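Enquirer: This is protein_3.cif, which holds mmCIF, C-alpha atoms and all ligand atoms:
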```
data_structure
loop_
_atom_site.label_atom_id
_atom_site.label_comp_id
_atom_site.auth_asym_id
_atom_site.auth_seq_id
_atom_site.Cartn_x
_atom_site.Cartn_y
_atom_site.Cartn_z
CA MET U 17 -10.57 -29.14 -12.75
CA PRO U 18 -10.95 -32.35 -10.63
CA SER U 19 -10.02 -31.80 -7.02
CA GLN U 20 -7.14 -34.32 -7.01
CA PHE U 21 -5.42 -32.35 -9.81
CA LEU U 22 -5.98 -29.12 -7.97
CA LEU U 23 -4.45 -30.71 -4.88
CA SER U 24 -1.40 -32.07 -6.70
CA ALA U 25 -0.86 -28.71 -8.37
CA ARG U 26 -0.95 -27.09 -4.96
CA ILE U 27 1.52 -29.60 -3.54
CA ARG U 28 3.91 -29.01 -6.45
CA ARG U 29 3.67 -25.28 -5.93
CA CYS U 30 4.33 -25.64 -2.21
CA ALA U 31 7.34 -27.91 -2.74
CA HIS U 32 8.74 -25.32 -5.09
CA SER U 33 8.41 -22.53 -2.58
CA LEU U 34 9.02 -23.95 0.88
CA PRO U 35 10.07 -20.61 2.36
CA LEU U 36 6.85 -19.08 1.09
CA VAL U 37 4.82 -21.88 2.62
CA ALA U 38 6.48 -21.33 5.98
CA LEU U 39 5.75 -17.62 5.80
CA SER U 40 2.19 -18.07 4.61
CA LEU U 41 1.43 -20.69 7.25
CA ALA U 42 2.63 -18.16 9.78
CA LEU U 43 0.17 -15.73 8.25
CA GLY U 44 -2.65 -18.22 8.76
CA GLY U 45 -3.15 -19.93 5.41
CA TRP U 46 -1.79 -19.66 1.90
CA SER U 47 -4.76 -18.70 -0.21
CA TRP U 48 -3.05 -15.37 -0.87
CA THR U 49 -0.90 -17.14 -3.46
CA GLU U 50 -4.05 -17.78 -5.50
CA GLY U 51 -6.80 -15.52 -6.80
CA PRO U 52 -7.39 -13.77 -10.14
CA GLN U 53 -4.38 -11.46 -9.83
CA SER U 54 -1.89 -13.86 -8.31
CA THR U 55 1.63 -13.71 -9.74
CA PHE U 56 2.22 -17.24 -8.39
CA ASP U 57 -0.42 -18.79 -10.65
CA THR U 58 1.47 -18.13 -13.90
CA GLN U 59 -0.25 -18.93 -17.19
CA GLY U 60 2.34 -17.93 -19.77
CA PRO U 61 6.10 -18.04 -20.48
CA VAL U 62 6.82 -14.39 -19.61
CA ALA U 63 5.20 -14.59 -16.17
CA LYS U 64 6.86 -17.99 -15.59
CA SER U 65 10.33 -16.62 -16.32
CA GLN U 66 9.70 -13.72 -13.93
CA LEU U 67 8.50 -16.09 -11.22
CA GLN U 68 11.67 -18.17 -11.64
CA VAL U 69 13.76 -15.06 -10.94
CA PHE U 70 11.67 -14.44 -7.83
CA TYR U 71 12.19 -18.00 -6.57
CA THR U 72 15.93 -17.91 -7.27
CA THR U 73 16.27 -14.65 -5.34
CA LEU U 74 14.06 -15.98 -2.56
CA TRP U 75 16.20 -19.13 -2.15
CA VAL U 76 19.54 -17.31 -2.22
CA THR U 77 18.46 -14.59 0.21
CA GLY U 78 16.61 -17.19 2.31
CA ILE U 79 19.78 -19.27 2.72
CA ILE U 80 21.81 -16.15 3.59
CA PHE U 81 19.18 -15.16 6.13
CA VAL U 82 19.25 -18.57 7.80
CA LEU U 83 23.08 -18.60 7.93
CA VAL U 84 23.41 -15.07 9.30
CA ALA U 85 20.54 -15.48 11.75
CA GLY U 86 21.98 -18.86 12.84
CA VAL U 87 25.45 -17.40 13.53
CA LEU U 88 23.89 -14.46 15.35
CA ALA U 89 21.71 -16.71 17.48
CA TYR U 90 24.69 -19.01 18.23
CA ALA U 91 26.93 -16.08 19.26
CA THR U 92 24.21 -14.45 21.31
CA LEU U 93 23.51 -17.61 23.28
CA LYS U 94 27.05 -18.93 23.63
CA PHE U 95 28.70 -15.67 24.63
CA ARG U 96 25.92 -14.21 26.72
CA ALA U 97 26.71 -12.90 30.19
CA ARG U 98 25.87 -15.75 32.54
CA SER U 99 26.76 -14.14 35.89
CA GLU U 100 27.39 -10.83 37.61
CA ALA U 101 31.13 -11.36 37.09
CA ASP U 102 30.65 -11.86 33.31
CA GLU U 103 28.85 -8.55 33.04
CA HIS U 104 31.81 -6.66 34.52
CA ALA U 105 34.58 -8.73 32.89
CA GLU U 106 37.22 -7.18 30.65
CA PRO U 107 36.47 -7.66 26.94
CA PRO U 108 38.51 -10.44 25.26
CA PRO U 109 41.61 -9.54 23.18
CA GLN U 110 40.54 -7.55 20.08
CA SER U 111 41.85 -8.34 16.59
CA HIS U 112 41.77 -6.29 13.41
CA GLY U 113 40.06 -8.83 11.27
CA ASN U 114 40.89 -12.19 9.76
CA PRO U 115 41.94 -11.97 6.09
CA LEU U 116 40.82 -15.51 5.33
CA ILE U 117 37.31 -14.95 6.75
CA GLU U 118 36.97 -11.56 5.08
CA LEU U 119 38.06 -12.82 1.65
CA SER U 120 35.78 -15.83 2.02
CA LEU U 121 32.81 -13.61 2.84
CA ILE U 122 33.53 -11.37 -0.17
CA ALA U 123 33.81 -14.42 -2.42
CA ALA U 124 30.59 -15.88 -1.01
CA SER U 125 28.76 -12.57 -1.56
CA VAL U 126 29.97 -12.32 -5.16
CA PHE U 127 28.98 -15.93 -5.74
CA ALA U 128 25.47 -15.27 -4.34
CA LEU U 129 25.10 -12.18 -6.54
CA VAL U 130 26.20 -14.12 -9.62
CA ILE U 131 23.62 -16.83 -8.88
CA ILE U 132 20.94 -14.10 -8.83
CA ALA U 133 22.36 -12.01 -11.70
CA VAL U 134 22.60 -14.72 -14.36
CA PRO U 135 18.89 -15.73 -14.41
CA THR U 136 17.88 -12.08 -13.84
CA LEU U 137 19.77 -10.86 -16.91
CA HIS U 138 18.47 -13.80 -18.91
CA ALA U 139 14.88 -12.92 -17.90
CA ILE U 140 15.37 -9.22 -18.69
CA TRP U 141 16.46 -10.09 -22.23
CA TYR U 142 13.79 -12.74 -22.67
CA THR U 143 10.89 -10.61 -21.44
CA TYR U 144 11.95 -7.43 -23.27
CA ASP U 145 10.62 -8.50 -26.64
CA VAL U 146 9.26 -11.50 -28.51
CA PRO U 147 12.10 -13.99 -29.12
CA GLU U 148 13.54 -13.70 -32.64
CA ALA U 149 12.47 -17.22 -33.59
CA GLU U 150 8.83 -16.45 -32.77
CA LYS U 151 8.56 -12.94 -34.20
CA ALA U 152 6.92 -14.13 -37.41
CA ASN U 153 4.18 -15.81 -35.36
CA ALA U 154 3.57 -12.83 -33.04
CA TYR U 155 0.29 -10.94 -33.03
CA GLU U 156 0.34 -7.15 -32.61
CA VAL U 157 -2.08 -5.02 -30.58
CA ASN U 158 -2.08 -1.39 -29.43
CA ALA U 159 -3.13 -0.50 -25.89
CA THR U 160 -3.84 3.09 -24.92
CA ALA U 161 -4.48 4.14 -21.33
CA LEU U 162 -6.84 6.99 -20.47
CA GLN U 163 -8.11 8.21 -17.11
CA TRP U 164 -9.52 5.63 -16.18
CA TRP U 165 -9.90 2.95 -18.80
CA PHE U 166 -8.04 1.14 -21.58
CA ARG U 167 -8.58 1.38 -25.32
CA PHE U 168 -7.37 -1.55 -27.40
CA ASP U 169 -6.99 -1.45 -31.15
CA TYR U 170 -5.84 -4.00 -33.66
CA PRO U 171 -3.46 -2.67 -36.35
CA LYS U 172 -3.76 -5.90 -38.31
CA GLU U 173 -7.56 -5.76 -38.39
CA THR U 174 -9.02 -2.82 -40.26
CA VAL U 175 -12.67 -1.94 -40.64
CA ALA U 176 -13.71 -0.29 -43.92
CA GLY U 177 -14.08 3.44 -43.34
CA ALA U 178 -13.25 3.21 -39.63
CA GLY U 179 -9.53 2.43 -39.42
CA ASN U 180 -8.25 -0.12 -36.91
CA LEU U 181 -10.70 -2.36 -35.11
CA VAL U 182 -11.21 -0.75 -31.68
CA THR U 183 -12.50 -2.14 -28.41
CA GLY U 184 -12.43 -1.08 -24.78
CA ASN U 185 -11.33 -2.62 -21.49
CA GLU U 186 -11.31 -6.19 -22.79
CA LEU U 187 -8.31 -7.30 -24.80
CA VAL U 188 -9.09 -10.43 -26.79
CA ILE U 189 -5.96 -12.25 -27.96
CA PRO U 190 -5.08 -15.55 -29.62
CA ALA U 191 -3.89 -18.19 -27.12
CA LYS U 192 -0.59 -20.05 -27.58
CA ARG U 193 0.84 -17.19 -29.67
CA PRO U 194 3.15 -14.38 -28.58
CA VAL U 195 1.29 -11.08 -28.45
CA ARG U 196 3.26 -7.85 -28.75
CA ILE U 197 1.42 -4.91 -27.25
CA ASN U 198 2.39 -1.32 -28.05
CA LEU U 199 1.75 0.72 -24.92
CA ARG U 200 0.61 4.34 -25.16
CA THR U 201 -1.14 6.83 -22.91
CA ALA U 202 -3.43 9.71 -23.77
CA ASP U 203 -2.88 11.61 -20.52
CA VAL U 204 -0.76 10.71 -17.47
CA ILE U 205 1.52 7.75 -16.67
CA HIS U 206 -0.32 4.45 -16.33
CA SER U 207 1.02 0.90 -16.16
CA PHE U 208 -0.14 -2.23 -17.97
CA TRP U 209 -0.27 -5.34 -15.80
CA VAL U 210 -1.79 -8.77 -16.32
CA PRO U 211 -0.35 -10.59 -13.28
CA LYS U 212 -0.81 -14.14 -14.56
CA LEU U 213 0.69 -13.39 -17.97
CA ALA U 214 3.44 -10.79 -17.52
CA GLY U 215 4.90 -8.16 -15.19
CA LYS U 216 4.15 -4.45 -15.30
CA VAL U 217 5.29 -2.04 -18.01
CA ASP U 218 4.58 1.68 -17.78
CA MET U 219 2.60 3.65 -20.35
CA ILE U 220 4.38 6.99 -20.53
CA PRO U 221 3.27 10.25 -22.21
CA ASN U 222 5.10 11.01 -25.47
CA ARG U 223 7.07 7.80 -25.35
CA GLY U 224 6.45 4.50 -27.10
CA ASN U 225 6.73 1.46 -24.88
CA HIS U 226 5.89 -2.20 -25.39
CA ILE U 227 5.35 -5.51 -23.66
CA TRP U 228 4.93 -9.03 -24.89
CA LEU U 229 3.01 -11.85 -23.34
CA GLN U 230 1.52 -15.19 -24.20
CA ALA U 231 -1.30 -17.24 -22.74
CA ASP U 232 -0.43 -20.94 -22.81
CA GLU U 233 -4.11 -21.93 -22.95
CA PRO U 234 -7.42 -20.17 -23.65
CA GLY U 235 -8.42 -18.29 -20.53
CA TYR U 236 -9.83 -15.21 -18.87
CA PHE U 237 -7.30 -13.01 -17.10
CA TRP U 238 -7.57 -9.96 -14.88
CA GLY U 239 -5.54 -6.86 -15.62
CA GLN U 240 -4.98 -3.70 -13.61
CA CYS U 241 -3.41 -0.31 -14.05
CA ALA U 242 -0.37 -0.51 -11.78
CA GLU U 243 0.78 3.11 -11.61
CA PHE U 244 -1.02 5.75 -9.59
CA CYS U 245 -2.83 7.85 -12.19
CA GLY U 246 -5.38 9.87 -10.27
CA GLU U 247 -8.45 9.47 -8.16
CA ASP U 248 -9.76 6.28 -9.79
CA HIS U 249 -6.45 4.50 -10.29
CA ALA U 250 -7.49 1.61 -8.06
CA VAL U 251 -10.55 0.90 -10.18
CA MET U 252 -8.82 1.18 -13.56
CA ARG U 253 -8.98 -2.43 -14.59
CA PHE U 254 -9.23 -4.53 -17.72
CA ARG U 255 -9.48 -8.13 -18.85
CA VAL U 256 -7.52 -10.28 -21.26
CA ILE U 257 -9.44 -13.05 -22.96
CA ALA U 258 -7.28 -15.62 -24.75
CA LEU U 259 -9.09 -17.72 -27.34
CA ASP U 260 -8.09 -20.65 -29.52
CA GLU U 261 -7.55 -19.95 -33.22
CA THR U 262 -11.12 -20.67 -34.38
CA ASP U 263 -12.81 -18.71 -31.59
CA PHE U 264 -10.44 -15.79 -32.09
CA ALA U 265 -11.14 -15.62 -35.84
CA ALA U 266 -14.89 -15.77 -35.16
CA TRP U 267 -14.60 -12.99 -32.57
CA LEU U 268 -12.68 -10.78 -35.02
CA ALA U 269 -15.31 -11.35 -37.70
CA ARG U 270 -18.13 -10.38 -35.30
CA GLN U 271 -16.28 -7.31 -34.06
CA LYS U 272 -15.66 -6.01 -37.57
CA GLN U 273 -19.41 -5.95 -38.19
CA PRO U 274 -21.21 -2.66 -37.52
CA ALA U 275 -23.71 -2.53 -34.65
CA ARG U 276 -26.85 -4.66 -35.01
CA LYS U 277 -29.68 -3.23 -37.07
CA PHE U 278 -32.98 -2.27 -35.46
CA ASP U 279 -35.90 -0.51 -37.07
CA ALA U 280 -36.62 2.49 -34.87
CA ALA U 281 -39.12 4.13 -37.22
CA ASN U 282 -42.26 3.22 -35.27
CA VAL U 283 -41.08 4.10 -31.83
CA ALA U 284 -42.93 6.87 -30.06
CA SER U 285 -41.00 9.96 -29.17
CA THR U 286 -39.09 9.43 -25.99
CA GLU U 287 -40.53 12.71 -24.70
CA GLN U 288 -43.69 10.76 -23.94
CA LEU U 289 -41.73 8.35 -21.78
CA ARG U 290 -40.11 10.98 -19.68
CA ILE U 291 -41.14 11.14 -16.07
CA GLU U 292 -39.54 12.77 -13.10
CA PRO U 293 -35.91 11.69 -12.70
CA ALA U 294 -35.78 8.79 -10.32
CA VAL U 295 -33.57 8.83 -7.27
CA PHE U 296 -31.08 6.02 -7.68
CA LYS U 297 -29.26 4.94 -4.58
CA TYR U 298 -26.49 2.37 -4.51
CA GLU U 299 -24.08 1.55 -1.75
CA ARG U 300 -20.63 2.83 -2.64
CA ASN U 301 -18.36 -0.23 -3.02
CA SER U 302 -21.27 -2.67 -3.09
CA PRO U 303 -20.06 -5.73 -5.00
CA GLY U 304 -20.03 -5.51 -8.78
CA TRP U 305 -19.06 -9.11 -9.30
CA SER U 306 -20.88 -12.40 -8.80
CA ALA U 307 -19.47 -15.69 -7.56
CA SER U 308 -21.18 -17.52 -10.42
CA PHE U 309 -19.17 -15.45 -12.90
CA ASP U 310 -15.91 -16.12 -11.10
CA ALA U 311 -16.55 -19.86 -11.14
CA ASN U 312 -16.03 -20.02 -14.90
CA PRO U 313 -15.34 -16.60 -16.43
CA LEU U 314 -14.35 -17.84 -19.90
CA GLU U 315 -17.66 -19.73 -20.26
CA ARG U 316 -19.55 -16.63 -19.07
CA TRP U 317 -17.64 -14.59 -21.67
CA LYS U 318 -18.71 -17.03 -24.39
CA GLU U 319 -22.34 -16.85 -23.24
CA LYS U 320 -22.16 -13.05 -23.38
CA GLN U 321 -21.43 -13.24 -27.12
CA GLY U 322 -24.99 -14.51 -27.71
CA LEU U 323 -28.19 -12.47 -27.74
CA GLU U 324 -29.81 -11.50 -24.44
CA PRO U 325 -32.66 -13.95 -23.71
CA ASP U 326 -35.21 -11.29 -22.76
CA GLU U 327 -34.58 -8.81 -25.57
CA ASP U 328 -37.44 -6.38 -26.31
CA PRO U 329 -36.97 -4.74 -29.78
CA THR U 330 -39.22 -1.76 -28.95
CA LEU U 331 -37.28 -1.00 -25.79
CA VAL U 332 -34.01 -1.40 -27.68
CA ALA U 333 -35.15 1.09 -30.34
CA ARG U 334 -36.19 3.58 -27.65
CA GLY U 335 -32.80 3.19 -26.07
CA ARG U 336 -31.11 3.94 -29.37
CA LYS U 337 -33.01 7.23 -29.63
CA LEU U 338 -32.13 8.10 -26.05
CA PHE U 339 -28.47 7.44 -26.79
CA GLN U 340 -28.62 10.45 -29.14
CA GLU U 341 -30.89 12.61 -27.00
CA LYS U 342 -28.84 12.21 -23.85
CA THR U 343 -25.71 13.29 -25.78
CA CYS U 344 -23.94 9.96 -25.21
CA VAL U 345 -22.98 10.25 -28.90
CA THR U 346 -20.56 13.10 -28.29
CA CYS U 347 -18.08 10.84 -26.49
CA HIS U 348 -18.97 7.27 -27.52
CA THR U 349 -19.04 5.68 -30.97
CA ILE U 350 -21.46 2.96 -31.94
CA ARG U 351 -20.22 2.07 -35.42
CA GLY U 352 -23.11 1.78 -37.84
CA HIS U 353 -25.46 3.59 -35.50
CA GLU U 354 -24.58 6.96 -34.00
CA GLY U 355 -21.64 8.72 -32.51
CA VAL U 356 -18.17 9.76 -33.51
CA GLY U 357 -16.71 10.30 -30.05
CA VAL U 358 -13.30 8.86 -29.28
CA THR U 359 -12.83 10.26 -25.77
CA ALA U 360 -14.79 7.35 -24.29
CA PRO U 361 -14.92 3.61 -25.03
CA ASP U 362 -16.24 2.44 -28.42
CA LEU U 363 -19.57 0.78 -27.62
CA THR U 364 -20.24 -0.94 -30.97
CA HIS U 365 -20.24 -4.37 -29.32
CA VAL U 366 -20.49 -3.42 -25.64
CA GLY U 367 -23.22 -6.01 -25.05
CA ALA U 368 -20.69 -8.76 -25.80
CA ARG U 369 -18.25 -7.60 -23.12
CA THR U 370 -18.19 -9.08 -19.65
CA THR U 371 -17.23 -5.86 -17.92
CA ILE U 372 -18.26 -2.19 -17.82
CA ALA U 373 -16.94 0.89 -16.05
CA GLY U 374 -13.30 0.14 -16.88
CA GLY U 375 -13.42 -3.50 -15.86
CA LEU U 376 -14.95 -2.64 -12.50
CA LEU U 377 -18.44 -4.13 -12.80
CA GLU U 378 -19.70 -7.35 -14.33
CA ASN U 379 -21.69 -6.44 -17.43
CA ASN U 380 -25.27 -7.38 -16.62
CA SER U 381 -28.41 -5.28 -16.82
CA ALA U 382 -28.49 -4.46 -13.11
CA ASN U 383 -24.88 -3.26 -13.06
CA LEU U 384 -25.22 -1.34 -16.32
CA ARG U 385 -28.23 0.43 -14.86
CA ARG U 386 -26.24 1.23 -11.74
CA TRP U 387 -23.37 2.59 -13.86
CA ILE U 388 -25.41 4.88 -16.11
CA THR U 389 -27.74 6.14 -13.39
CA ASP U 390 -25.09 6.65 -10.71
CA PRO U 391 -21.72 7.00 -12.47
CA ASN U 392 -20.22 9.09 -9.72
CA GLY U 393 -21.18 6.52 -7.10
CA VAL U 394 -19.43 3.75 -9.05
CA LYS U 395 -16.31 5.69 -10.06
CA PRO U 396 -16.00 9.08 -8.36
CA HIS U 397 -15.39 12.05 -10.65
CA ASN U 398 -15.00 9.95 -13.80
CA LYS U 399 -14.99 11.82 -17.13
CA MET U 400 -18.49 10.67 -18.06
CA TYR U 401 -19.75 12.37 -14.92
CA VAL U 402 -17.74 15.59 -14.78
CA GLY U 403 -17.24 16.09 -18.53
CA VAL U 404 -14.16 16.20 -20.74
CA PRO U 405 -11.80 19.15 -21.25
CA LEU U 406 -12.08 20.31 -24.86
CA GLY U 407 -9.89 23.19 -25.96
CA GLY U 408 -10.42 25.94 -23.44
CA SER U 409 -13.83 24.71 -22.29
CA VAL U 410 -15.38 21.51 -20.94
CA MET U 411 -17.74 19.22 -22.84
CA PRO U 412 -20.36 18.48 -20.20
CA GLY U 413 -21.13 14.97 -19.04
CA TYR U 414 -23.70 14.15 -16.38
CA MET U 415 -22.69 17.45 -14.81
CA LYS U 416 -21.86 20.80 -16.38
CA ARG U 417 -20.05 23.76 -14.96
CA ASP U 418 -21.90 27.00 -14.44
CA THR U 419 -19.80 29.55 -16.33
CA GLY U 420 -20.53 32.23 -13.75
CA THR U 421 -19.99 30.46 -10.44
CA GLY U 422 -17.92 27.49 -11.61
CA ALA U 423 -20.26 25.19 -9.67
CA PHE U 424 -21.28 21.79 -11.05
CA MET U 425 -24.91 21.58 -12.18
CA PRO U 426 -26.89 18.48 -13.18
CA ASN U 427 -26.90 18.01 -16.95
CA ILE U 428 -28.00 14.47 -17.83
CA GLN U 429 -30.75 12.86 -15.81
CA LEU U 430 -32.45 9.55 -16.46
CA SER U 431 -35.90 8.42 -15.46
CA GLU U 432 -36.54 4.79 -14.54
CA THR U 433 -38.05 4.13 -17.99
CA GLU U 434 -35.20 5.81 -19.81
CA ALA U 435 -32.63 3.85 -17.85
CA THR U 436 -34.40 0.59 -18.70
CA ALA U 437 -34.49 1.46 -22.42
CA LEU U 438 -30.83 2.53 -22.53
CA VAL U 439 -29.75 -0.63 -20.74
CA ALA U 440 -31.77 -2.78 -23.18
CA TYR U 441 -30.16 -0.99 -26.13
CA LEU U 442 -26.59 -1.28 -24.86
CA GLN U 443 -27.05 -4.95 -23.95
CA SER U 444 -28.38 -5.64 -27.47
CA LEU U 445 -25.08 -4.49 -29.03
CA LYS U 446 -23.53 -7.90 -29.53
CU1 LIG U 501 -4.14 4.27 -14.74
CU2 LIG U 501 -3.43 3.87 -12.51
#
```
Represent the structure of the file as structure tokens.
Ligand code: CUA

Expert:
Amino acid sequence: MPSQFLLSARIRRCAHSLPLVALSLALGGWSWTEGPQSTFDTQGPVAKSQLQVFYTTLWVTGIIFVLVAGVLAYATLKFRARSEADEHAEPPPQSHGNPLIELSLIAASVFALVIIAVPTLHAIWYTYDVPEAEKANAYEVNATALQWWFRFDYPKETVAGAGNLVTGNELVIPAKRPVRINLRTADVIHSFWVPKLAGKVDMIPNRGNHIWLQADEPGYFWGQCAEFCGEDHAVMRFRVIALDETDFAAWLARQKQPARKFDAANVASTEQLRIEPAVFKYERNSPGWSASFDANPLERWKEKQGLEPDEDPTLVARGRKLFQEKTCVTCHTIRGHEGVGVTAPDLTHVGARTTIAGGLLENNSANLRRWITDPNGVKPHNKMYVGVPLGGSVMPGYMKRDTGTGAFMPNIQLSETEATALVAYLQSLK
């Protein structure tokens, strides 16, 4: 966007929220009203209506604050004790209230509440569900929360023999159309929040919930679980990618395809590749996101739909074998290849996603390597690392429990070569 437009947009936003500007200037700048999860940078009608309620409340309470603080300051200054005699003076004659002032204050309070209540009630009704007139045009999606990632499936898009089209952590939606999202959880309470598109709605066990939102233009939006749901709540993220009609149809068509075909017949046994497990060391909390991605995330998403430039078919085929050998198949599905697992994200087209690890890391080869070689360092005690409860026992992940002592023991280990092959395979899944 040209800088003069950016500037005028900023000025408009400031004029709209003068009290906010005053506060933010006091806090040393106002960049906190921007950023990928800013609720002030609304990009759809639901978020806009909620922001209007915020501004209305801010203005009404701001005016009340100024009036009350003004009267208090006036009284404090005017009637302050000016001399020694004032301090010991008798108090002035006391009254038991002034009916006119009291009734006026009650009326003013009711009036202020009505000013806030009318747009609030209107917004509650409007944001509850897709407006009747637009229901026929609404698109439906299911979102399921799990510790600590999101599964998205598309009830209107079925894949032969595989049920609904399923994806993980990146919700692709049509732009300029209302999207109704059925919210479910597979374990504890989570909350679905895409700050620029709509407010939070909880995902509650054994209870159906829903939200609707709409992106006014194609875009790339950050989402976040907004209800404490365990150790990795803070890093339970997702993305919403809104596409125009043509791009959305093309994306659906690609997603319905099974995983890409590779001929793995001539690949040497991976046993020959195995060397001593490498020691992978990453700084906890080292950045998983690049500035170049942030500069234009939607373009980067579109690039990610294409093949990786440095693809090595032999390495990819080795990776596919390793995906079975390392037991990844027990939790993940790669439709058309291996795996029937549903306890972890469907990886059929993982190479075309811009994020991994529940929206935490940008999906590039370096980060994918970091994730699969040091899952506990990226997301402490995630299910891939500690295993998944299954009936009375635990299906091991990178660790398994010793049945005697209960201690965690290493289960899956990757050598440098194995990690490279697995990364190449997963990135090839476009
Ligand atoms: Cu899921 Cu917080």

Enquirer: Quick one: which chain U residues come within 6 Å of ligand LIG 501 (chain U), and what is the nearest atom pair for each with the distance in Å to one decimal, counting all atoms listed in the file, rows ordered by chain and ascending number, as a Markdown table?

Expert:
```
| residue | atom | partner | partner_atom | distance |
| --- | --- | --- | --- | --- |
| U:Trp164 | CA | U:LIG501 | CU1 | 5.7 |
| U:His206 | CA | U:LIG501 | CU1 | 4.1 |
| U:Cys241 | CA | U:LIG501 | CU2 | 4.5 |
| U:Ala242 | CA | U:LIG501 | CU2 | 5.4 |
| U:Glu243 | CA | U:LIG501 | CU2 | 4.4 |
| U:Phe244 | CA | U:LIG501 | CU2 | 4.2 |
| U:Cys245 | CA | U:LIG501 | CU2 | 4.0 |
| U:His249 | CA | U:LIG501 | CU2 | 3.8 |
| U:Met252 | CA | U:LIG501 | CU1 | 5.7 |
```

Enquirer: Could those selected residues go to a file with C-alpha atoms, as a JSON list (two decimals), in the coordinates of the input?

Expert:
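Produced file part_13.json, reproduced below:
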```json
[["chain", "number", "residue", "atom", "x", "y", "z"],
["U", 164, "TRP", "CA", -9.52, 5.63, -16.18],
["U", 206, "HIS", "CA", -0.32, 4.45, -16.33],
["U", 241, "CYS", "CA", -3.41, -0.31, -14.05],
["U", 242, "ALA", "CA", -0.37, -0.51, -11.78],
["U", 243, "GLU", "CA", 0.78, 3.11, -11.61],
["U", 244, "PHE", "CA", -1.02, 5.75, -9.59],
["U", 245, "CYS", "CA", -2.83, 7.85, -12.19],
["U", 249, "HIS", "CA", -6.45, 4.50, -10.29],
["U", 252, "MET", "CA", -8.82, 1.18, -13.56]]
```

Enquirer: One decimal, Å: what's the distance from CA of Arg336 in chain U over to CA of Arg167 in chain U, could you say?

Expert: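 Spanning CA of Arg336 in chain U to CA of Arg167 in chain U is a straight-line distance of 23.0 Å.
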
Enquirer: Which is closer to Met400 in chain U than all the others in U:Leu438, U:Cys347, U:Ala191, U:Ala368, using only C-alpha atoms?

Expert: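 Going through U:Leu438, U:Cys347, U:Ala191, U:Ala368 one by one, the smallest distance to Met400 in chain U is for U:Cys347.
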
Enquirer: Mind listing whatever residues come within 9 Å of the point (-38.3, -0.1, -26.3)? Use all atoms listed in the file, file coordinates, and give them as an MDAnalysis selection string.

Expert: chainID U and resid 283 328:336 436:438 440:441

Enquirer: The selected residues should be written to file as a PDB file, keeping the file's coordinate frame (atoms: C-alpha atoms).

Expert:
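Listing of result36.pdb after writing:
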```
ATOM      1  CA  VAL U 283     -41.080   4.100 -31.830  1.00  0.00           C
ATOM      2  CA  ASP U 328     -37.440  -6.380 -26.310  1.00  0.00           C
ATOM      3  CA  PRO U 329     -36.970  -4.740 -29.780  1.00  0.00           C
ATOM      4  CA  THR U 330     -39.220  -1.760 -28.950  1.00  0.00           C
ATOM      5  CA  LEU U 331     -37.280  -1.000 -25.790  1.00  0.00           C
ATOM      6  CA  VAL U 332     -34.010  -1.400 -27.680  1.00  0.00           C
ATOM      7  CA  ALA U 333     -35.150   1.090 -30.340  1.00  0.00           C
ATOM      8  CA  ARG U 334     -36.190   3.580 -27.650  1.00  0.00           C
ATOM      9  CA  GLY U 335     -32.800   3.190 -26.070  1.00  0.00           C
ATOM     10  CA  ARG U 336     -31.110   3.940 -29.370  1.00  0.00           C
ATOM     11  CA  THR U 436     -34.400   0.590 -18.700  1.00  0.00           C
ATOM     12  CA  ALA U 437     -34.490   1.460 -22.420  1.00  0.00           C
ATOM     13  CA  LEU U 438     -30.830   2.530 -22.530  1.00  0.00           C
ATOM     14  CA  ALA U 440     -31.770  -2.780 -23.180  1.00  0.00           C
ATOM     15  CA  TYR U 441     -30.160  -0.990 -26.130  1.00  0.00           C
TER      16      TYR U 441
END
```

Enquirer: From the set U:Ile257, U:Val62, U:Ala159, U:Ala269, which residue has the shortest atom-to-atom contact distance to Asn225 in chain U, counting all atoms listed in the file?

Expert: U:Ala159

Enquirer: So, with only C-alpha atoms as the atoms that count, which of U:Thr349, U:Pro274, U:Glu327, U:Ser381 lies closest to Ala176 in chain U?

Expert: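 Result for the nearest residue to Ala176 in chain U: U:Pro274.
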
Enquirer: For each of U:Leu268, U:Ala152, U:Ala101, U:Met415, take the minimum atom-to-atom distance to Val175 in chain U, counting only C-alpha atoms, then give the residue where this is smallest.

Expert: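 Counting only C-alpha atoms, the residue closest to Val175 in chain U is U:Leu268.
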
Enquirer: In Å, how far is it from CA of Gly246 in chain U to CA of Pro396 in chain U?

Expert: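 Interatomic distance, CA of Gly246 in chain U to CA of Pro396 in chain U: 10.8 Å.
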
Enquirer: What is the distance, in Å and to one decimal place, between CA of Phe208 in chain U and CA of Asp362 in chain U?

Expert: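 Distance between the two atoms: 19.8 Å.
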
Enquirer: My list of candidates is U:Leu88, U:Pro361, U:Val404, U:Phe95. Which is closest to Pro108 in chain U when distances are computed with only C-alpha atoms?

Expert: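 Answer, going by the shortest atom-to-atom distance: U:Phe95.
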
Enquirer: Of the candidates U:Leu199, U:Ile131, U:Ala63, U:Val126, which shows the shortest atom-to-atom distance to Trp75 in chain U, using only C-alpha atoms?

Expert: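 Ranking U:Leu199, U:Ile131, U:Ala63, U:Val126 by distance to Trp75 in chain U, first place goes to U:Ile131.
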